[in-house]
$ cat final.cif   # mmCIF, C-alpha atoms
data_target
#
loop_
_atom_site.label_atom_id
_atom_site.label_comp_id
_atom_site.auth_asym_id
_atom_site.auth_seq_id
_atom_site.Cartn_x
_atom_site.Cartn_y
_atom_site.Cartn_z
CA MET A 7 0.00 0.00 0.00
CA GLU A 8 1.38 3.44 -0.89
CA GLU A 9 2.11 5.91 1.92
CA LYS A 10 -1.20 7.29 3.12
CA LYS A 11 -1.69 9.71 5.97
CA VAL A 12 -4.59 9.91 8.42
CA LEU A 13 -5.73 12.97 10.37
CA VAL A 14 -7.18 12.24 13.82
CA ILE A 15 -9.37 15.01 15.28
CA ASP A 16 -10.34 14.45 18.91
CA ASP A 17 -10.28 16.74 21.93
CA GLU A 18 -9.10 13.96 24.25
CA ASP A 19 -5.29 13.67 24.23
CA PHE A 20 -5.34 10.03 25.29
CA ILE A 21 -7.69 8.98 22.48
CA ARG A 22 -5.70 10.87 19.80
CA GLU A 23 -2.41 9.44 20.96
CA LEU A 24 -3.80 5.91 21.27
CA ILE A 25 -5.28 5.97 17.76
CA CYS A 26 -2.08 7.37 16.27
CA ASP A 27 -0.09 4.68 18.08
CA PHE A 28 -2.33 2.00 16.53
CA LEU A 29 -1.99 3.51 13.07
CA GLU A 30 1.76 4.08 13.25
CA PHE A 31 2.30 0.51 14.53
CA GLU A 32 0.69 -0.62 11.25
CA GLY A 33 2.92 1.74 9.24
CA ILE A 34 0.22 4.36 8.63
CA ALA A 35 1.36 7.99 9.03
CA CYS A 36 -0.80 10.06 11.36
CA ASP A 37 -1.30 13.69 12.35
CA GLU A 38 -3.32 14.84 15.35
CA ALA A 39 -5.58 17.83 15.98
CA GLU A 40 -7.42 18.64 19.20
CA ASN A 41 -9.83 21.15 17.62
CA SER A 42 -11.18 22.27 14.27
CA GLN A 43 -8.74 25.18 13.94
CA GLN A 44 -5.73 22.86 14.20
CA ALA A 45 -7.40 20.35 11.89
CA LEU A 46 -8.17 22.90 9.18
CA SER A 47 -4.62 24.26 9.34
CA LEU A 48 -3.18 20.77 8.94
CA LEU A 49 -5.64 19.99 6.17
CA SER A 50 -4.61 23.09 4.26
CA ASN A 51 -0.95 22.05 4.34
CA ASN A 52 -1.08 18.24 4.00
CA ASP A 53 -2.67 15.51 1.93
CA TYR A 54 -4.75 13.02 3.87
CA ALA A 55 -6.30 9.76 2.73
CA LEU A 56 -8.70 9.63 5.69
CA ILE A 57 -10.00 11.80 8.53
CA LEU A 58 -11.09 10.31 11.85
CA LEU A 59 -13.33 12.83 13.60
CA ASP A 60 -14.74 12.73 17.12
CA ARG A 61 -18.48 13.41 16.95
CA HIS A 62 -18.48 15.75 19.95
CA LEU A 63 -15.54 18.12 20.28
CA GLN A 64 -15.63 20.63 23.14
CA HIS A 65 -17.11 23.54 21.21
CA GLN A 66 -18.17 22.04 17.91
CA GLU A 67 -20.18 19.15 16.55
CA ALA A 68 -19.01 16.87 13.75
CA GLY A 69 -21.53 18.33 11.27
CA GLU A 70 -20.01 21.80 11.55
CA ILE A 71 -16.48 20.50 11.14
CA THR A 72 -17.28 18.24 8.18
CA ALA A 73 -18.77 21.25 6.37
CA GLU A 74 -15.53 23.20 6.92
CA ILE A 75 -13.43 20.21 5.82
CA LYS A 76 -15.49 19.78 2.65
CA LYS A 77 -14.78 23.41 1.69
CA ILE A 78 -11.05 22.60 1.65
CA ASN A 79 -11.25 19.09 0.17
CA ASP A 80 -14.52 17.29 -0.45
CA GLU A 81 -12.91 14.02 -1.54
CA ILE A 82 -11.31 12.91 1.74
CA PRO A 83 -13.39 10.23 3.48
CA ILE A 84 -14.47 11.24 6.98
CA VAL A 85 -15.16 8.59 9.61
CA ILE A 86 -16.93 9.64 12.80
CA LEU A 87 -15.64 8.30 16.12
CA THR A 88 -18.37 8.14 18.74
CA GLY A 89 -19.69 6.28 21.74
CA ASP A 90 -23.25 7.14 20.67
CA HIS A 91 -24.62 3.91 19.22
CA LEU A 92 -27.63 5.83 17.87
CA CYS A 93 -25.36 7.43 15.26
CA ASN A 94 -26.88 6.00 12.06
CA ASP A 95 -26.57 6.20 8.28
CA GLU A 96 -29.14 9.02 8.09
CA TYR A 97 -27.02 11.16 10.42
CA LEU A 98 -23.82 10.29 8.54
CA ASP A 99 -25.43 11.23 5.21
CA SER A 100 -26.76 14.49 6.64
CA ILE A 101 -23.29 15.67 7.66
CA GLY A 102 -21.38 14.21 4.71
CA ALA A 103 -19.49 11.52 6.65
CA ASN A 104 -18.52 8.21 5.09
CA GLY A 105 -18.69 5.91 8.08
CA VAL A 106 -18.62 5.47 11.82
CA ILE A 107 -16.45 3.63 14.33
CA PHE A 108 -18.02 3.17 17.73
CA LYS A 109 -16.03 3.67 20.92
CA PRO A 110 -14.88 1.69 22.73
CA PHE A 111 -13.47 -0.43 19.94
CA LYS A 112 -11.28 -3.49 19.65
CA VAL A 113 -7.95 -2.72 18.03
CA ASP A 114 -8.20 -5.48 15.41
CA GLU A 115 -11.68 -4.41 14.30
CA PHE A 116 -10.65 -0.75 14.31
CA MET A 117 -7.61 -1.38 12.12
CA GLN A 118 -9.61 -3.60 9.76
CA LYS A 119 -12.08 -0.74 9.17
CA ILE A 120 -9.29 1.80 8.72
CA LYS A 121 -7.50 -0.38 6.17
CA LEU A 122 -10.75 -0.84 4.23
CA PHE A 123 -11.21 2.93 3.99
CA LEU A 124 -7.60 3.43 2.95
CA GLU A 125 -7.75 0.68 0.32
CA ASN A 126 -10.90 2.20 -1.18
CA LYS A 127 -9.39 5.70 -1.33
#

$ encode --input "final.cif" --output "structure tokens"
Amino acid sequence: MEEKKVLVIDDEDFIRELICDFLEFEGIACDEAENSQQALSLLSNNDYALILLDRHLQHQEAGEITAEIKKINDEIPIVILTGDHLCNDEYLDSIGANGVIFKPFKVDEFMQKIKLFLENK
């Protein structure tokens, strides 16, 4: 697989670092952002194959952030990370997201989903 980079947007340091550790262990480059401002700055200066976005950041919901992301690049798949198991396809479609990974997750299942998104990019 060619070098692909993932952007992880989550306001919890532990979650961001853990996800990046999982990705980097599998040889997938990763950048982290704790808020939408950092994410948009990184997005403007880097190419990403996938964005992993926490559904509830401190001051912004995923729908607002996906709209801002789409203005910069509307072709990057966005996967929502959430503990809300009521997050469904209708919600994902309404905000322009391409999938969801529910927290807590098992590492093997998480990486399998990530690799599927990266292979389809």

$ atom_distance --input "final.cif" --atom1 "atom CA of A:Ile84" --atom2 "atom CA of A:Ile34"
16.3 Å

$ resolve_selection --input "final.cif" --expression "the PyMOL selection byres ((chain A and resi 28) around 12)" --output "list in words"
Val12, Val14, Ile21, Arg22, Glu23, Leu24, Ile25, Cys26, Asp27, Leu29, Glu30, Phe31, Glu32, Gly33, Ile34, Ala35, Cys36, Phe111, Lys112, Val113, Asp114, Glu115, Phe116, Met117, Gln118, Ile120 and Lys121 of chain A

$ write_last_selection --input "final.cif" --atoms "C-alpha atoms" --output "mmCIF file, in the frame of the given file"
data_model
loop_
_atom_site.group_PDB
_atom_site.id
_atom_site.type_symbol
_atom_site.label_atom_id
_atom_site.label_comp_id
_atom_site.auth_asym_id
_atom_site.auth_seq_id
_atom_site.Cartn_x
_atom_site.Cartn_y
_atom_site.Cartn_z
ATOM 1 C CA VAL A 12 -4.590 9.910 8.420
ATOM 2 C CA VAL A 14 -7.180 12.240 13.820
ATOM 3 C CA ILE A 21 -7.690 8.980 22.480
ATOM 4 C CA ARG A 22 -5.700 10.870 19.800
ATOM 5 C CA GLU A 23 -2.410 9.440 20.960
ATOM 6 C CA LEU A 24 -3.800 5.910 21.270
ATOM 7 C CA ILE A 25 -5.280 5.970 17.760
ATOM 8 C CA CYS A 26 -2.080 7.370 16.270
ATOM 9 C CA ASP A 27 -0.090 4.680 18.080
ATOM 10 C CA LEU A 29 -1.990 3.510 13.070
ATOM 11 C CA GLU A 30 1.760 4.080 13.250
ATOM 12 C CA PHE A 31 2.300 0.510 14.530
ATOM 13 C CA GLU A 32 0.690 -0.620 11.250
ATOM 14 C CA GLY A 33 2.920 1.740 9.240
ATOM 15 C CA ILE A 34 0.220 4.360 8.630
ATOM 16 C CA ALA A 35 1.360 7.990 9.030
ATOM 17 C CA CYS A 36 -0.800 10.060 11.360
ATOM 18 C CA PHE A 111 -13.470 -0.430 19.940
ATOM 19 C CA LYS A 112 -11.280 -3.490 19.650
ATOM 20 C CA VAL A 113 -7.950 -2.720 18.030
ATOM 21 C CA ASP A 114 -8.200 -5.480 15.410
ATOM 22 C CA GLU A 115 -11.680 -4.410 14.300
ATOM 23 C CA PHE A 116 -10.650 -0.750 14.310
ATOM 24 C CA MET A 117 -7.610 -1.380 12.120
ATOM 25 C CA GLN A 118 -9.610 -3.600 9.760
ATOM 26 C CA ILE A 120 -9.290 1.800 8.720
ATOM 27 C CA LYS A 121 -7.500 -0.380 6.170
#

$ atom_distance --input "final.cif" --atom1 "atom CA of A:Ile15" --atom2 "atom CA of A:Leu59"
4.8 Å

$ closest_residue --input "final.cif" --among "A:Asp60, A:Asp17, A:Ile107, A:Ile78" --to "A:Asn94" --atoms "all atoms listed in the file"
A:Ile107

$ residues_around --input "final.cif" --residues "A:Ala103" --least-positions-apart "4" --cutoff "12 Å" --atoms "all atoms listed in the file" --output "ChimeraX atom specification"
/A:56-61,68-73,75-76,80-87,93-99,107

$ atom_distance --input "final.cif" --atom1 "atom CA of A:Asp19" --atom2 "atom CA of A:Asn51"
22.0 Å

$ resolve_selection --input "final.cif" --expression "the PyMOL selection byres ((chain A and resi 65) around 10)" --output "VMD selection string"
chain A and resid 17 41 to 42 62 to 64 66 to 67

$ resolve_selection --input "final.cif" --expression "the PyMOL selection byres ((chain A and resi 38) around 6)" --output "list in words"
Leu13, Val14, Asp37 and Ala39 of chain A
